[in-house]
Amino acid sequence: MIEALTLTKAYGRTTALNRIGLTIEDGEIFGLVGTNGAGKSTLLRLIAGVLRPTEGSVTLDARPVYDNPAVKREIFFVPDEAYFFTNSTPLEMMRYYAMMYPSFDEMHCLKLLGSFSLDPRRKIAEFSKGMKKQLFICLGVAAHVRYLLLDETFDGLDPIARQGAKSIFAGQMADESLTIVIASHSLRELEDICDHVGLLHEGGVLLSRDVESMKLGLQKVQCVFASEEEADKVLADAEVLVHDVRGRLHTITLRGTREETQARLDRAQTVFTEMLTLSLEEVFISETEAAGYDVKKFILD
């Protein structure tokens with residue numbers, strides 16, 4: 001388990017992270033979402049032990065990460081701009097990481113490279129940004145670590161490569177104990193892969209929730225009521241997060257199970273009723289607005 005306690009990182013007078021508290025359970029894919037400058041990359045570097053906290057701590061199973069080589073061997077960090085040796089090839093980077101990670105599987109890495117059609121003998125400097133991302137995903141998975149940290153992993157990948165990477169992550173998690181933390185500026189990139197999502201803004205965590213429980217606990221409906229009095233029967237005592245009215249069409253997001261919401265709708269006479277599926281972005285917008293934040297100002301598509 002990854003645990004951050006009162007985690008703070010300052011660069012001179014600029015505070016990138018301010019007393020963050022965050023827990024990431026083992027065996028899940030945790031999505032870390034926020035705009036550029038929110039502190040995502042700094043947080044990943046602190047978890048990886050690349051940076052020393054100004055205050056607070058990051059631990060893996062209660063063991064400090066910073067200046068702890070034994071713990072760092074359980075982590076593979078892929079930054080947004082991954083480092084490679086000048087004029088090196090994937091084969092040479094494989095051999096380098098094999099020295100760093102005792103469980104590195106070179107044959108598995110070659111197989112993964114083949115799935116992305118990457119030539120292991122070609123100079124990495126000749127790779128596109130997306131190809132470099134694919135290469136370091138392969139290296140990270142082949143290292144067989146417990147924790148894989150990925151910064152803007154899907155940035156620069158075409159849709160096919162993006163789905164290929166997600167399939168590799170799913171397969172690896174099924175085969176062994178692996179925890180993946182993915183930082184992104186887009187909720188839509190993470191919607192179909194993450195178990196848990198944390199929203200980072202201006203150096204703090206606004207919301208950290210299990211995706212499935214969030215979706216099950218919120219319902220979105222569209223209704224045309226026989227009269228406004230009928231609408232009041234549905235809304236009475238309901239915890240309404242969003243209520244938009246356009247003409248006679250009511251679009252309502254409210255807290256509760258699907259069964260509870262359907263029971264509310266059955267109280268009233270309606271001309272039209274439809275239960276809609278909430279996207280992860282809509283869930284986060286609703287939850288953060290309920291907490292007093294206008295999340296639409298800083299969540300990017």
# chains A, B, ... in the order shown; residues from 1 in each chain; ligands from 1

$ residues_around --residues "Val197 in chain A" --least-positions-apart "2" --cutoff "10 Å" --atoms "only C-alpha atoms" --output "PyMOL selection string"
chain A and resi 24+29-33+181-183+187+190-191+194-195+199-200+207-211+280+284

$ residues_around --residues "Lys132 in chain A" --least-positions-apart "6" --cutoff "10 Å" --atoms "only C-alpha atoms" --output "list in words"
Glu81, Ala82, Tyr83, Phe84, Pro90, Leu118, Ile124, Ala125, Glu126, Cys138, Gly156 and Leu157 of chain A

$ write_last_selection --atoms "N, CA and C atoms" --output "CSV table (one decimal), in the first residue's frame"
chain,number,residue,atom,x,y,z
A,81,GLU,N,8.5,12.6,-20.0
A,81,GLU,CA,9.7,12.6,-20.9
A,81,GLU,C,10.7,11.6,-20.4
A,82,ALA,N,10.5,10.3,-20.8
A,82,ALA,CA,11.4,9.3,-20.3
A,82,ALA,C,12.8,9.4,-20.8
A,83,TYR,N,13.8,9.1,-19.9
A,83,TYR,CA,15.2,9.2,-20.2
A,83,TYR,C,15.7,7.9,-20.9
A,84,PHE,N,16.6,8.1,-21.9
A,84,PHE,CA,17.3,7.0,-22.5
A,84,PHE,C,18.7,7.5,-22.8
A,90,PRO,N,16.5,-0.1,-27.8
A,90,PRO,CA,15.7,-0.8,-26.8
A,90,PRO,C,16.4,-1.9,-26.2
A,118,LEU,N,7.8,-2.5,-32.5
A,118,LEU,CA,8.9,-1.7,-32.2
A,118,LEU,C,10.2,-2.6,-32.5
A,124,ILE,N,16.7,4.7,-30.4
A,124,ILE,CA,15.5,5.3,-29.7
A,124,ILE,C,15.3,6.7,-30.1
A,125,ALA,N,16.4,7.4,-30.4
A,125,ALA,CA,16.3,8.8,-30.8
A,125,ALA,C,15.5,9.0,-32.1
A,126,GLU,N,15.4,7.9,-32.9
A,126,GLU,CA,14.6,7.9,-34.1
A,126,GLU,C,13.1,7.6,-33.9
A,138,CYS,N,6.7,-1.0,-22.1
A,138,CYS,CA,7.2,-2.4,-22.2
A,138,CYS,C,8.3,-2.7,-21.1
A,156,GLY,N,0.2,11.2,-26.7
A,156,GLY,CA,1.1,10.8,-27.8
A,156,GLY,C,0.8,9.5,-28.4
A,157,LEU,N,-0.1,8.7,-27.8
A,157,LEU,CA,-0.4,7.4,-28.3
A,157,LEU,C,-1.7,7.5,-29.2

$ residues_around --residues "Thr59 in chain A" --least-positions-apart "3" --cutoff "8 Å" --atoms "only C-alpha atoms" --output "PDB file with C-alpha atoms, in the first residue's frame"
ATOM      1  CA  MET A   1       0.000   0.000   0.000  1.00  0.00           C
ATOM      2  CA  ILE A   2       1.199   3.495  -0.871  1.00  0.00           C
ATOM      3  CA  GLU A   3       0.521   6.084   1.786  1.00  0.00           C
ATOM      4  CA  ALA A   4       1.239   9.827   1.739  1.00  0.00           C
ATOM      5  CA  ILE A  47       6.203   8.262  -4.603  1.00  0.00           C
ATOM      6  CA  ALA A  62       5.045   1.515   6.079  1.00  0.00           C
ATOM      7  CA  ARG A  63       8.592   1.654   4.627  1.00  0.00           C
ATOM      8  CA  PRO A  64       9.979   5.060   3.598  1.00  0.00           C
ATOM      9  CA  VAL A  65      10.711   5.393  -0.112  1.00  0.00           C
TER      10      VAL A  65
END

$ select_by_dssp --residues "range 35-173 of chain A" --states "strand (DSSP E)" --output "compact mmCIF listing (two decimals) with C-alpha atoms, in the first residue's frame"
# COMPACT_ATOMS: atom_id res chain seq x y z
CA GLU A 55 7.53 17.87 4.81
CA GLY A 56 5.60 14.68 5.50
CA SER A 57 6.32 11.24 4.10
CA VAL A 58 5.62 8.63 1.43
CA THR A 59 5.72 4.99 2.44
CA LEU A 60 5.24 1.61 0.78
CA ARG A 63 8.59 1.65 4.63
CA PRO A 64 9.98 5.06 3.60
CA ILE A 75 8.82 0.71 -8.24
CA PHE A 76 9.16 1.51 -11.94
CA PHE A 77 8.52 5.16 -12.82
CA VAL A 78 7.85 6.26 -16.40
CA TYR A 147 4.25 -0.57 -8.40
CA LEU A 148 4.17 0.96 -11.88
CA LEU A 149 3.98 4.78 -11.95
CA LEU A 150 3.03 6.34 -15.28
CA ASP A 151 3.03 10.09 -16.02

$ select_by_dssp --residues "range 256-292 of chain A" --states "alpha helix (DSSP H)" --output "ChimeraX atom specification"
/A:258-266,280-290

$ residues_around --residues "range 91-102 of chain A" --least-positions-apart "3" --cutoff "9 Å" --atoms "only C-alpha atoms" --output "list of chain:residue names"
A:Arg73, A:Glu74, A:Phe84, A:Phe85, A:Ser88, A:Asp105, A:Glu106, A:Cys109, A:Leu110, A:Pro120, A:Arg121, A:Arg122, A:Leu139, A:Ala143, A:His144, A:Val145

$ residues_around --residues "Ser177 in chain A" --least-positions-apart "3" --cutoff "8 Å" --atoms "only C-alpha atoms" --output "PyMOL selection string"
chain A and resi 26-27+146+173-174

$ write_last_selection --atoms "C-alpha atoms" --output "short mmCIF file (atom, residue, chain, number, x, y, z; two decimals), in the first residue's frame"
data_model
loop_
_atom_site.label_atom_id
_atom_site.label_comp_id
_atom_site.auth_asym_id
_atom_site.auth_seq_id
_atom_site.Cartn_x
_atom_site.Cartn_y
_atom_site.Cartn_z
CA ASP A 26 -2.50 -2.69 -3.59
CA GLY A 27 -3.80 -4.38 -6.73
CA ARG A 146 4.93 -4.21 -7.52
CA MET A 173 -2.54 -7.40 -13.22
CA ALA A 174 -4.33 -10.69 -13.83
#

$ closest_residue --among "A:Asp67, A:Asp119, A:Glu189, A:Glu230" --to "Asp266 in chain A" --atoms "only C-alpha atoms"
A:Glu230

$ residues_around --residues "range 233-235 of chain A" --least-positions-apart "3" --cutoff "6 Å" --atoms "only C-alpha atoms" --output "number ranges by chain"
A: 230, 238, 264-265

$ write_last_selection --atoms "N, CA and C atoms" --output "PDB file, in the first residue's frame"
ATOM      1  N   GLU A 230     -45.947  17.437 -10.171  1.00  0.00           N
ATOM      2  CA  GLU A 230     -45.461  16.059 -10.264  1.00  0.00           C
ATOM      3  C   GLU A 230     -43.938  16.005 -10.102  1.00  0.00           C
ATOM      4  N   ALA A 238     -35.023  14.605  -1.809  1.00  0.00           N
ATOM      5  CA  ALA A 238     -33.917  14.009  -2.576  1.00  0.00           C
ATOM      6  C   ALA A 238     -32.662  14.868  -2.433  1.00  0.00           C
ATOM      7  N   ARG A 264     -38.653   6.714  -6.783  1.00  0.00           N
ATOM      8  CA  ARG A 264     -39.025   8.121  -6.775  1.00  0.00           C
ATOM      9  C   ARG A 264     -39.814   8.475  -8.031  1.00  0.00           C
ATOM     10  N   LEU A 265     -39.314   8.004  -9.172  1.00  0.00           N
ATOM     11  CA  LEU A 265     -39.978   8.318 -10.441  1.00  0.00           C
ATOM     12  C   LEU A 265     -41.378   7.729 -10.497  1.00  0.00           C
TER      13      LEU A 265
END

$ residues_around --residues "range 169-171 of chain A" --least-positions-apart "3" --cutoff "10 Å" --atoms "only C-alpha atoms" --output "compact mmCIF listing (two decimals) with C-alpha atoms, in the first residue's frame"
# COMPACT_ATOMS: atom_id res chain seq x y z
CA ILE A 29 -5.32 0.99 -11.04
CA ILE A 137 5.57 0.85 -20.99
CA VAL A 141 5.88 -4.12 -17.36
CA LEU A 148 4.17 0.96 -11.88
CA GLN A 163 -6.01 0.21 -26.17
CA GLY A 164 -2.98 -2.05 -26.58
CA ALA A 165 -1.34 -0.51 -23.51
CA LYS A 166 -4.53 -0.92 -21.48
CA ALA A 174 -4.33 -10.69 -13.83
CA ASP A 175 -1.03 -12.62 -13.81
CA GLU A 176 0.65 -11.04 -10.80
CA LEU A 178 0.69 -5.13 -9.58
CA THR A 179 -0.48 -1.66 -8.59
CA ILE A 180 -0.60 0.98 -11.31
CA ILE A 193 -9.37 1.33 -16.86

$ closest_residue --among "A:Ala268, A:Ile20, A:Leu44, A:Ile160" --to "Gly203 in chain A" --atoms "only C-alpha atoms"
A:Ile20

$ atom_distance --atom1 "CA of Gly21 in chain A" --atom2 "CA of Val205 in chain A"
7.7 Å

$ closest_residue --among "A:Thr273, A:Ser184, A:Ser213, A:Thr261" --to "Lys40 in chain A" --atoms "only C-alpha atoms"
A:Ser184
